[in-house]
>>> print(open('target.cif').read())   # mmCIF, N, CA and C atoms, pLDDT in the B column; chains and numbers go by the auth columns
data_query
loop_
_atom_site.group_PDB
_atom_site.id
_atom_site.type_symbol
_atom_site.label_atom_id
_atom_site.label_comp_id
_atom_site.label_asym_id
_atom_site.label_seq_id
_atom_site.Cartn_x
_atom_site.Cartn_y
_atom_site.Cartn_z
_atom_site.B_iso_or_equiv
_atom_site.auth_seq_id
_atom_site.auth_asym_id
ATOM 1 N N MET A 1 0.865 -1.166 0.000 69.00 1 A
ATOM 2 C CA MET A 1 0.000 0.000 0.000 69.00 1 A
ATOM 3 C C MET A 1 0.908 1.225 0.000 69.00 1 A
ATOM 4 N N GLY A 2 0.687 2.116 -0.953 79.00 2 A
ATOM 5 C CA GLY A 2 1.506 3.314 -1.069 79.00 2 A
ATOM 6 C C GLY A 2 1.078 4.398 -0.082 79.00 2 A
ATOM 7 N N TRP A 3 1.973 5.397 0.052 86.00 3 A
ATOM 8 C CA TRP A 3 1.694 6.483 1.005 86.00 3 A
ATOM 9 C C TRP A 3 0.458 7.285 0.616 86.00 3 A
ATOM 10 N N GLY A 4 0.210 7.432 -0.669 88.00 4 A
ATOM 11 C CA GLY A 4 -0.983 8.140 -1.116 88.00 4 A
ATOM 12 C C GLY A 4 -2.256 7.412 -0.698 88.00 4 A
ATOM 13 N N SER A 5 -2.235 6.086 -0.834 84.00 5 A
ATOM 14 C CA SER A 5 -3.389 5.280 -0.422 84.00 5 A
ATOM 15 C C SER A 5 -3.586 5.348 1.089 84.00 5 A
ATOM 16 N N ILE A 6 -2.483 5.267 1.821 87.00 6 A
ATOM 17 C CA ILE A 6 -2.572 5.341 3.286 87.00 6 A
ATOM 18 C C ILE A 6 -3.166 6.669 3.718 87.00 6 A
ATOM 19 N N LEU A 7 -2.697 7.764 3.117 93.00 7 A
ATOM 20 C CA LEU A 7 -3.213 9.094 3.464 93.00 7 A
ATOM 21 C C LEU A 7 -4.691 9.233 3.111 93.00 7 A
ATOM 22 N N ALA A 8 -5.081 8.754 1.925 93.00 8 A
ATOM 23 C CA ALA A 8 -6.478 8.860 1.497 93.00 8 A
ATOM 24 C C ALA A 8 -7.401 8.058 2.413 93.00 8 A
ATOM 25 N N ILE A 9 -7.000 6.846 2.753 92.00 9 A
ATOM 26 C CA ILE A 9 -7.819 6.014 3.634 92.00 9 A
ATOM 27 C C ILE A 9 -7.893 6.625 5.024 92.00 9 A
ATOM 28 N N TYR A 10 -6.755 7.142 5.512 96.00 10 A
ATOM 29 C CA TYR A 10 -6.743 7.781 6.838 96.00 10 A
ATOM 30 C C TYR A 10 -7.677 8.988 6.866 96.00 10 A
ATOM 31 N N LEU A 11 -7.647 9.817 5.838 96.00 11 A
ATOM 32 C CA LEU A 11 -8.526 10.993 5.809 96.00 11 A
ATOM 33 C C LEU A 11 -10.002 10.601 5.758 96.00 11 A
ATOM 34 N N LEU A 12 -10.315 9.541 5.039 97.00 12 A
ATOM 35 C CA LEU A 12 -11.697 9.057 5.021 97.00 12 A
ATOM 36 C C LEU A 12 -12.122 8.559 6.408 97.00 12 A
ATOM 37 N N ILE A 13 -11.255 7.768 7.039 97.00 13 A
ATOM 38 C CA ILE A 13 -11.551 7.274 8.387 97.00 13 A
ATOM 39 C C ILE A 13 -11.679 8.438 9.356 97.00 13 A
ATOM 40 N N TRP A 14 -10.784 9.432 9.241 97.00 14 A
ATOM 41 C CA TRP A 14 -10.794 10.591 10.137 97.00 14 A
ATOM 42 C C TRP A 14 -12.102 11.370 10.008 97.00 14 A
ATOM 43 N N THR A 15 -12.560 11.578 8.768 98.00 15 A
ATOM 44 C CA THR A 15 -13.790 12.337 8.538 98.00 15 A
ATOM 45 C C THR A 15 -15.006 11.613 9.107 98.00 15 A
ATOM 46 N N VAL A 16 -15.107 10.320 8.859 97.00 16 A
ATOM 47 C CA VAL A 16 -16.241 9.553 9.384 97.00 16 A
ATOM 48 C C VAL A 16 -16.199 9.534 10.912 97.00 16 A
ATOM 49 N N THR A 17 -15.002 9.375 11.468 97.00 17 A
ATOM 50 C CA THR A 17 -14.859 9.366 12.926 97.00 17 A
ATOM 51 C C THR A 17 -15.229 10.713 13.520 97.00 17 A
ATOM 52 N N LEU A 18 -14.849 11.816 12.870 97.00 18 A
ATOM 53 C CA LEU A 18 -15.202 13.143 13.374 97.00 18 A
ATOM 54 C C LEU A 18 -16.712 13.297 13.483 97.00 18 A
ATOM 55 N N PHE A 19 -17.435 12.928 12.435 96.00 19 A
ATOM 56 C CA PHE A 19 -18.884 13.060 12.478 96.00 19 A
ATOM 57 C C PHE A 19 -19.521 12.096 13.475 96.00 19 A
ATOM 58 N N THR A 20 -18.822 11.033 13.819 96.00 20 A
ATOM 59 C CA THR A 20 -19.308 10.115 14.844 96.00 20 A
ATOM 60 C C THR A 20 -19.075 10.688 16.235 96.00 20 A
ATOM 61 N N VAL A 21 -17.952 11.373 16.433 96.00 21 A
ATOM 62 C CA VAL A 21 -17.569 11.892 17.748 96.00 21 A
ATOM 63 C C VAL A 21 -18.264 13.216 18.078 96.00 21 A
ATOM 64 N N LEU A 22 -18.604 14.014 17.084 94.00 22 A
ATOM 65 C CA LEU A 22 -19.156 15.350 17.328 94.00 22 A
ATOM 66 C C LEU A 22 -20.356 15.410 18.280 94.00 22 A
ATOM 67 N N PRO A 23 -21.319 14.517 18.211 92.00 23 A
ATOM 68 C CA PRO A 23 -22.480 14.659 19.095 92.00 23 A
ATOM 69 C C PRO A 23 -22.236 14.303 20.565 92.00 23 A
ATOM 70 N N PHE A 24 -21.139 13.609 20.888 93.00 24 A
ATOM 71 C CA PHE A 24 -20.914 13.184 22.266 93.00 24 A
ATOM 72 C C PHE A 24 -20.663 14.371 23.190 93.00 24 A
ATOM 73 N N GLY A 25 -21.368 14.411 24.300 89.00 25 A
ATOM 74 C CA GLY A 25 -21.154 15.430 25.322 89.00 25 A
ATOM 75 C C GLY A 25 -21.722 16.796 25.004 89.00 25 A
ATOM 76 N N VAL A 26 -22.503 16.913 23.953 89.00 26 A
ATOM 77 C CA VAL A 26 -23.055 18.211 23.568 89.00 26 A
ATOM 78 C C VAL A 26 -24.292 18.503 24.404 89.00 26 A
ATOM 79 N N ARG A 27 -24.313 19.690 24.979 89.00 27 A
ATOM 80 C CA ARG A 27 -25.484 20.153 25.738 89.00 27 A
ATOM 81 C C ARG A 27 -25.857 21.536 25.234 89.00 27 A
ATOM 82 N N THR A 28 -27.146 21.775 25.086 87.00 28 A
ATOM 83 C CA THR A 28 -27.597 23.093 24.662 87.00 28 A
ATOM 84 C C THR A 28 -27.471 24.066 25.827 87.00 28 A
ATOM 85 N N SER A 29 -27.637 25.344 25.530 84.00 29 A
ATOM 86 C CA SER A 29 -27.565 26.367 26.579 84.00 29 A
ATOM 87 C C SER A 29 -28.631 26.125 27.638 84.00 29 A
ATOM 88 N N GLU A 30 -29.801 25.697 27.203 85.00 30 A
ATOM 89 C CA GLU A 30 -30.891 25.431 28.147 85.00 30 A
ATOM 90 C C GLU A 30 -30.524 24.274 29.078 85.00 30 A
ATOM 91 N N GLU A 31 -29.956 23.207 28.527 85.00 31 A
ATOM 92 C CA GLU A 31 -29.547 22.064 29.348 85.00 31 A
ATOM 93 C C GLU A 31 -28.404 22.422 30.291 85.00 31 A
ATOM 94 N N ALA A 32 -27.529 23.320 29.857 84.00 32 A
ATOM 95 C CA ALA A 32 -26.384 23.716 30.671 84.00 32 A
ATOM 96 C C ALA A 32 -26.748 24.795 31.684 84.00 32 A
ATOM 97 N N GLY A 33 -27.958 25.332 31.596 84.00 33 A
ATOM 98 C CA GLY A 33 -28.400 26.361 32.523 84.00 33 A
ATOM 99 C C GLY A 33 -27.793 27.728 32.237 84.00 33 A
ATOM 100 N N GLU A 34 -27.417 27.976 30.997 85.00 34 A
ATOM 101 C CA GLU A 34 -26.826 29.254 30.603 85.00 34 A
ATOM 102 C C GLU A 34 -27.845 30.074 29.831 85.00 34 A
ATOM 103 N N ASP A 35 -27.607 31.374 29.801 84.00 35 A
ATOM 104 C CA ASP A 35 -28.463 32.273 29.023 84.00 35 A
ATOM 105 C C ASP A 35 -28.112 32.161 27.550 84.00 35 A
ATOM 106 N N LYS A 36 -29.144 32.205 26.708 82.00 36 A
ATOM 107 C CA LYS A 36 -28.910 32.163 25.269 82.00 36 A
ATOM 108 C C LYS A 36 -28.539 33.556 24.773 82.00 36 A
ATOM 109 N N VAL A 37 -27.712 33.593 23.757 83.00 37 A
ATOM 110 C CA VAL A 37 -27.347 34.839 23.098 83.00 37 A
ATOM 111 C C VAL A 37 -28.450 35.174 22.112 83.00 37 A
ATOM 112 N N LYS A 38 -28.737 36.458 21.937 88.00 38 A
ATOM 113 C CA LYS A 38 -29.785 36.875 21.011 88.00 38 A
ATOM 114 C C LYS A 38 -29.463 36.357 19.607 88.00 38 A
ATOM 115 N N GLY A 39 -30.420 35.679 18.995 89.00 39 A
ATOM 116 C CA GLY A 39 -30.254 35.130 17.663 89.00 39 A
ATOM 117 C C GLY A 39 -29.686 33.723 17.632 89.00 39 A
ATOM 118 N N GLN A 40 -29.370 33.181 18.777 85.00 40 A
ATOM 119 C CA GLN A 40 -28.797 31.839 18.860 85.00 40 A
ATOM 120 C C GLN A 40 -29.874 30.790 18.617 85.00 40 A
ATOM 121 N N ALA A 41 -29.523 29.757 17.860 88.00 41 A
ATOM 122 C CA ALA A 41 -30.460 28.661 17.630 88.00 41 A
ATOM 123 C C ALA A 41 -30.663 27.882 18.923 88.00 41 A
ATOM 124 N N ASP A 42 -31.870 27.351 19.107 85.00 42 A
ATOM 125 C CA ASP A 42 -32.166 26.582 20.320 85.00 42 A
ATOM 126 C C ASP A 42 -31.272 25.349 20.439 85.00 42 A
ATOM 127 N N SER A 43 -30.848 24.804 19.304 85.00 43 A
ATOM 128 C CA SER A 43 -30.054 23.577 19.317 85.00 43 A
ATOM 129 C C SER A 43 -28.546 23.827 19.355 85.00 43 A
ATOM 130 N N ALA A 44 -28.122 25.080 19.411 86.00 44 A
ATOM 131 C CA ALA A 44 -26.684 25.386 19.413 86.00 44 A
ATOM 132 C C ALA A 44 -26.035 24.892 20.707 86.00 44 A
ATOM 133 N N PRO A 45 -24.867 24.252 20.605 88.00 45 A
ATOM 134 C CA PRO A 45 -24.206 23.748 21.809 88.00 45 A
ATOM 135 C C PRO A 45 -23.660 24.886 22.667 88.00 45 A
ATOM 136 N N ALA A 46 -23.717 24.694 23.986 87.00 46 A
ATOM 137 C CA ALA A 46 -23.188 25.701 24.899 87.00 46 A
ATOM 138 C C ALA A 46 -21.662 25.714 24.819 87.00 46 A
ATOM 139 N N ARG A 47 -21.040 24.565 24.910 86.00 47 A
ATOM 140 C CA ARG A 47 -19.583 24.411 24.798 86.00 47 A
ATOM 141 C C ARG A 47 -19.309 23.220 23.896 86.00 47 A
ATOM 142 N N PRO A 48 -18.952 23.435 22.627 88.00 48 A
ATOM 143 C CA PRO A 48 -18.778 22.300 21.711 88.00 48 A
ATOM 144 C C PRO A 48 -17.540 21.449 21.963 88.00 48 A
ATOM 145 N N MET A 49 -16.546 21.943 22.688 91.00 49 A
ATOM 146 C CA MET A 49 -15.324 21.196 23.018 91.00 49 A
ATOM 147 C C MET A 49 -14.644 20.634 21.765 91.00 49 A
ATOM 148 N N LEU A 50 -14.458 21.483 20.743 94.00 50 A
ATOM 149 C CA LEU A 50 -13.927 21.016 19.472 94.00 50 A
ATOM 150 C C LEU A 50 -12.491 20.512 19.566 94.00 50 A
ATOM 151 N N ALA A 51 -11.642 21.166 20.342 95.00 51 A
ATOM 152 C CA ALA A 51 -10.246 20.717 20.447 95.00 51 A
ATOM 153 C C ALA A 51 -10.179 19.301 21.012 95.00 51 A
ATOM 154 N N LYS A 52 -10.962 19.037 22.037 96.00 52 A
ATOM 155 C CA LYS A 52 -10.999 17.706 22.647 96.00 52 A
ATOM 156 C C LYS A 52 -11.519 16.669 21.651 96.00 52 A
ATOM 157 N N LYS A 53 -12.527 17.036 20.881 96.00 53 A
ATOM 158 C CA LYS A 53 -13.107 16.108 19.913 96.00 53 A
ATOM 159 C C LYS A 53 -12.154 15.853 18.746 96.00 53 A
ATOM 160 N N LEU A 54 -11.406 16.880 18.335 97.00 54 A
ATOM 161 C CA LEU A 54 -10.420 16.680 17.277 97.00 54 A
ATOM 162 C C LEU A 54 -9.300 15.757 17.739 97.00 54 A
ATOM 163 N N LEU A 55 -8.888 15.890 18.993 97.00 55 A
ATOM 164 C CA LEU A 55 -7.861 15.000 19.538 97.00 55 A
ATOM 165 C C LEU A 55 -8.366 13.559 19.589 97.00 55 A
ATOM 166 N N TRP A 56 -9.577 13.359 20.109 96.00 56 A
ATOM 167 C CA TRP A 56 -10.151 12.009 20.153 96.00 56 A
ATOM 168 C C TRP A 56 -10.314 11.428 18.750 96.00 56 A
ATOM 169 N N THR A 57 -10.747 12.263 17.806 97.00 57 A
ATOM 170 C CA THR A 57 -10.913 11.815 16.425 97.00 57 A
ATOM 171 C C THR A 57 -9.588 11.339 15.849 97.00 57 A
ATOM 172 N N THR A 58 -8.526 12.096 16.099 97.00 58 A
ATOM 173 C CA THR A 58 -7.210 11.733 15.584 97.00 58 A
ATOM 174 C C THR A 58 -6.715 10.432 16.202 97.00 58 A
ATOM 175 N N LEU A 59 -6.890 10.275 17.503 97.00 59 A
ATOM 176 C CA LEU A 59 -6.440 9.053 18.172 97.00 59 A
ATOM 177 C C LEU A 59 -7.214 7.824 17.703 97.00 59 A
ATOM 178 N N ILE A 60 -8.521 7.942 17.645 97.00 60 A
ATOM 179 C CA ILE A 60 -9.355 6.813 17.197 97.00 60 A
ATOM 180 C C ILE A 60 -9.035 6.459 15.756 97.00 60 A
ATOM 181 N N SER A 61 -8.875 7.473 14.915 97.00 61 A
ATOM 182 C CA SER A 61 -8.570 7.237 13.503 97.00 61 A
ATOM 183 C C SER A 61 -7.216 6.566 13.329 97.00 61 A
ATOM 184 N N ALA A 62 -6.251 6.947 14.154 97.00 62 A
ATOM 185 C CA ALA A 62 -4.929 6.317 14.065 97.00 62 A
ATOM 186 C C ALA A 62 -5.009 4.832 14.405 97.00 62 A
ATOM 187 N N VAL A 63 -5.778 4.499 15.419 97.00 63 A
ATOM 188 C CA VAL A 63 -5.941 3.093 15.798 97.00 63 A
ATOM 189 C C VAL A 63 -6.663 2.314 14.692 97.00 63 A
ATOM 190 N N LEU A 64 -7.721 2.904 14.153 96.00 64 A
ATOM 191 C CA LEU A 64 -8.457 2.241 13.066 96.00 64 A
ATOM 192 C C LEU A 64 -7.585 2.085 11.824 96.00 64 A
ATOM 193 N N MET A 65 -6.787 3.106 11.517 95.00 65 A
ATOM 194 C CA MET A 65 -5.910 3.028 10.349 95.00 65 A
ATOM 195 C C MET A 65 -4.834 1.974 10.549 95.00 65 A
ATOM 196 N N ALA A 66 -4.328 1.852 11.760 95.00 66 A
ATOM 197 C CA ALA A 66 -3.343 0.798 12.044 95.00 66 A
ATOM 198 C C ALA A 66 -3.965 -0.568 11.794 95.00 66 A
ATOM 199 N N GLY A 67 -5.230 -0.738 12.167 94.00 67 A
ATOM 200 C CA GLY A 67 -5.926 -1.995 11.909 94.00 67 A
ATOM 201 C C GLY A 67 -6.111 -2.252 10.431 94.00 67 A
ATOM 202 N N VAL A 68 -6.492 -1.230 9.683 91.00 68 A
ATOM 203 C CA VAL A 68 -6.659 -1.381 8.230 91.00 68 A
ATOM 204 C C VAL A 68 -5.320 -1.708 7.591 91.00 68 A
ATOM 205 N N TRP A 69 -4.255 -1.027 8.008 89.00 69 A
ATOM 206 C CA TRP A 69 -2.926 -1.293 7.460 89.00 69 A
ATOM 207 C C TRP A 69 -2.501 -2.730 7.760 89.00 69 A
ATOM 208 N N TRP A 70 -2.728 -3.171 9.001 91.00 70 A
ATOM 209 C CA TRP A 70 -2.354 -4.533 9.382 91.00 70 A
ATOM 210 C C TRP A 70 -3.119 -5.555 8.543 91.00 70 A
ATOM 211 N N LEU A 71 -4.422 -5.328 8.366 90.00 71 A
ATOM 212 C CA LEU A 71 -5.215 -6.247 7.546 90.00 71 A
ATOM 213 C C LEU A 71 -4.719 -6.281 6.110 90.00 71 A
ATOM 214 N N GLY A 72 -4.294 -5.122 5.597 85.00 72 A
ATOM 215 C CA GLY A 72 -3.746 -5.076 4.247 85.00 72 A
ATOM 216 C C GLY A 72 -2.432 -5.821 4.140 85.00 72 A
ATOM 217 N N GLU A 73 -1.558 -5.629 5.118 85.00 73 A
ATOM 218 C CA GLU A 73 -0.258 -6.306 5.106 85.00 73 A
ATOM 219 C C GLU A 73 -0.401 -7.814 5.339 85.00 73 A
ATOM 220 N N ALA A 74 -1.402 -8.223 6.110 87.00 74 A
ATOM 221 C CA ALA A 74 -1.614 -9.643 6.393 87.00 74 A
ATOM 222 C C ALA A 74 -2.288 -10.361 5.234 87.00 74 A
ATOM 223 N N GLY A 75 -2.771 -9.599 4.250 84.00 75 A
ATOM 224 C CA GLY A 75 -3.386 -10.217 3.083 84.00 75 A
ATOM 225 C C GLY A 75 -4.892 -10.371 3.169 84.00 75 A
ATOM 226 N N TYR A 76 -5.497 -9.856 4.228 88.00 76 A
ATOM 227 C CA TYR A 76 -6.954 -9.956 4.367 88.00 76 A
ATOM 228 C C TYR A 76 -7.681 -8.915 3.518 88.00 76 A
ATOM 229 N N LEU A 77 -7.036 -7.807 3.260 82.00 77 A
ATOM 230 C CA LEU A 77 -7.593 -6.765 2.389 82.00 77 A
ATOM 231 C C LEU A 77 -6.677 -6.606 1.187 82.00 77 A
ATOM 232 N N ASP A 78 -7.257 -6.573 0.031 79.00 78 A
ATOM 233 C CA ASP A 78 -6.462 -6.403 -1.184 79.00 78 A
ATOM 234 C C ASP A 78 -6.898 -5.096 -1.833 79.00 78 A
ATOM 235 N N PHE A 79 -5.989 -4.153 -1.884 66.00 79 A
ATOM 236 C CA PHE A 79 -6.306 -2.835 -2.427 66.00 79 A
ATOM 237 C C PHE A 79 -5.996 -2.715 -3.903 66.00 79 A
ATOM 238 N N MET A 80 -5.347 -3.716 -4.449 60.00 80 A
ATOM 239 C CA MET A 80 -4.988 -3.670 -5.868 60.00 80 A
ATOM 240 C C MET A 80 -5.918 -4.594 -6.652 60.00 80 A
ATOM 241 N N PRO A 81 -6.551 -4.061 -7.708 58.00 81 A
ATOM 242 C CA PRO A 81 -7.427 -4.925 -8.515 58.00 81 A
ATOM 243 C C PRO A 81 -6.610 -5.947 -9.291 58.00 81 A
ATOM 244 N N ASN A 82 -7.205 -7.115 -9.527 50.00 82 A
ATOM 245 C CA ASN A 82 -6.528 -8.179 -10.280 50.00 82 A
ATOM 246 C C ASN A 82 -6.605 -7.957 -11.763 50.00 82 A
#
>>> encode(input="target.cif", output="structure tokens")
Amino acid sequence: MGWGSILAIYLLIWTVTLFTVLPFGVRTSEEAGEDKVKGQADSAPARPMLAKKLLWTTLISAVLMAGVWWLGEAGYLDFMPN
């Protein structure tokens, strides 16, 4: 598996993982007991914790990519068409 393939697969895994991680721990202003800002949507998160979620996304994606790489090297996944 070439570096281009590894990068492309990692970015795909990272993107899917990000959208999976984003909803965890989100509370609206009403749930958090904070005042809403004028014009704020009712569903807007009070504290989205994006840095923490990006870190978790990167760590989870690295583990998943290591698994995909291992499966490719072990011969369970074939990325090259016959």
>>> closest_residue(input="target.cif", among="A:Glu73, A:Ser29, A:Ile60, A:Gly2", to="Ser43 in chain A", atoms="only N, CA and C atoms")
A:Ser29
>>> atom_distance(input="target.cif", atom1="CA of Lys52 in chain A", atom2="CA of Trp69 in chain A")
25.6 Å
>>> atom_distance(input="target.cif", atom1="CA of Arg27 in chain A", atom2="CA of Trp14 in chain A")
23.5 Å
>>> closest_residue(input="target.cif", among="A:Leu64, A:Met49, A:Ala41, A:Ala8", to="Val26 in chain A", atoms="all atoms listed in the file")
A:Met49
>>> residues_around(input="target.cif", residues="Val21 in chain A", least_positions_apart="2", cutoff="8 Å", atoms="all atoms listed in the file", output="PDB file with N, CA and C atoms, keeping the file's coordinate frame")
ATOM      1  N   THR A  15     -12.560  11.578   8.768  1.00 98.00           N
ATOM      2  CA  THR A  15     -13.790  12.337   8.538  1.00 98.00           C
ATOM      3  C   THR A  15     -15.006  11.613   9.107  1.00 98.00           C
ATOM      4  N   VAL A  16     -15.107  10.320   8.859  1.00 97.00           N
ATOM      5  CA  VAL A  16     -16.241   9.553   9.384  1.00 97.00           C
ATOM      6  C   VAL A  16     -16.199   9.534  10.912  1.00 97.00           C
ATOM      7  N   THR A  17     -15.002   9.375  11.468  1.00 97.00           N
ATOM      8  CA  THR A  17     -14.859   9.366  12.926  1.00 97.00           C
ATOM      9  C   THR A  17     -15.229  10.713  13.520  1.00 97.00           C
ATOM     10  N   LEU A  18     -14.849  11.816  12.870  1.00 97.00           N
ATOM     11  CA  LEU A  18     -15.202  13.143  13.374  1.00 97.00           C
ATOM     12  C   LEU A  18     -16.712  13.297  13.483  1.00 97.00           C
ATOM     13  N   PHE A  19     -17.435  12.928  12.435  1.00 96.00           N
ATOM     14  CA  PHE A  19     -18.884  13.060  12.478  1.00 96.00           C
ATOM     15  C   PHE A  19     -19.521  12.096  13.475  1.00 96.00           C
ATOM     16  N   PRO A  23     -21.319  14.517  18.211  1.00 92.00           N
ATOM     17  CA  PRO A  23     -22.480  14.659  19.095  1.00 92.00           C
ATOM     18  C   PRO A  23     -22.236  14.303  20.565  1.00 92.00           C
ATOM     19  N   PHE A  24     -21.139  13.609  20.888  1.00 93.00           N
ATOM     20  CA  PHE A  24     -20.914  13.184  22.266  1.00 93.00           C
ATOM     21  C   PHE A  24     -20.663  14.371  23.190  1.00 93.00           C
ATOM     22  N   GLY A  25     -21.368  14.411  24.300  1.00 89.00           N
ATOM     23  CA  GLY A  25     -21.154  15.430  25.322  1.00 89.00           C
ATOM     24  C   GLY A  25     -21.722  16.796  25.004  1.00 89.00           C
ATOM     25  N   LYS A  53     -12.527  17.036  20.881  1.00 96.00           N
ATOM     26  CA  LYS A  53     -13.107  16.108  19.913  1.00 96.00           C
ATOM     27  C   LYS A  53     -12.154  15.853  18.746  1.00 96.00           C
ATOM     28  N   LEU A  54     -11.406  16.880  18.335  1.00 97.00           N
ATOM     29  CA  LEU A  54     -10.420  16.680  17.277  1.00 97.00           C
ATOM     30  C   LEU A  54      -9.300  15.757  17.739  1.00 97.00           C
ATOM     31  N   TRP A  56      -9.577  13.359  20.109  1.00 96.00           N
ATOM     32  CA  TRP A  56     -10.151  12.009  20.153  1.00 96.00           C
ATOM     33  C   TRP A  56     -10.314  11.428  18.750  1.00 96.00           C
ATOM     34  N   THR A  57     -10.747  12.263  17.806  1.00 97.00           N
ATOM     35  CA  THR A  57     -10.913  11.815  16.425  1.00 97.00           C
ATOM     36  C   THR A  57      -9.588  11.339  15.849  1.00 97.00           C
TER      37      THR A  57
END
>>> atom_distance(input="target.cif", atom1="CA of Thr28 in chain A", atom2="CA of Arg47 in chain A")
8.1 Å
>>> select_by_dssp(input="target.cif", residues="chain A", states="helix (DSSP H, G or I)", output="PyMOL selection string")
chain A and resi 3-21+29-32+50-74
>>> residues_around(input="target.cif", residues="Ile9 in chain A", least_positions_apart="4", cutoff="8 Å", atoms="only C-alpha atoms", output="PyMOL selection string")
chain A and resi 5+13+65
>>> write_last_selection(input="target.cif", atoms="N, CA and C atoms", output="tab-separated table (two decimals), keeping the file's coordinate frame")
chain	number	residue	atom	x	y	z
A	5	SER	N	-2.24	6.09	-0.83
A	5	SER	CA	-3.39	5.28	-0.42
A	5	SER	C	-3.59	5.35	1.09
A	13	ILE	N	-11.26	7.77	7.04
A	13	ILE	CA	-11.55	7.27	8.39
A	13	ILE	C	-11.68	8.44	9.36
A	65	MET	N	-6.79	3.11	11.52
A	65	MET	CA	-5.91	3.03	10.35
A	65	MET	C	-4.83	1.97	10.55
>>> closest_residue(input="target.cif", among="A:Leu11, A:Ala44, A:Ile6, A:Leu71", to="Thr58 in chain A", atoms="only C-alpha atoms")
A:Leu11
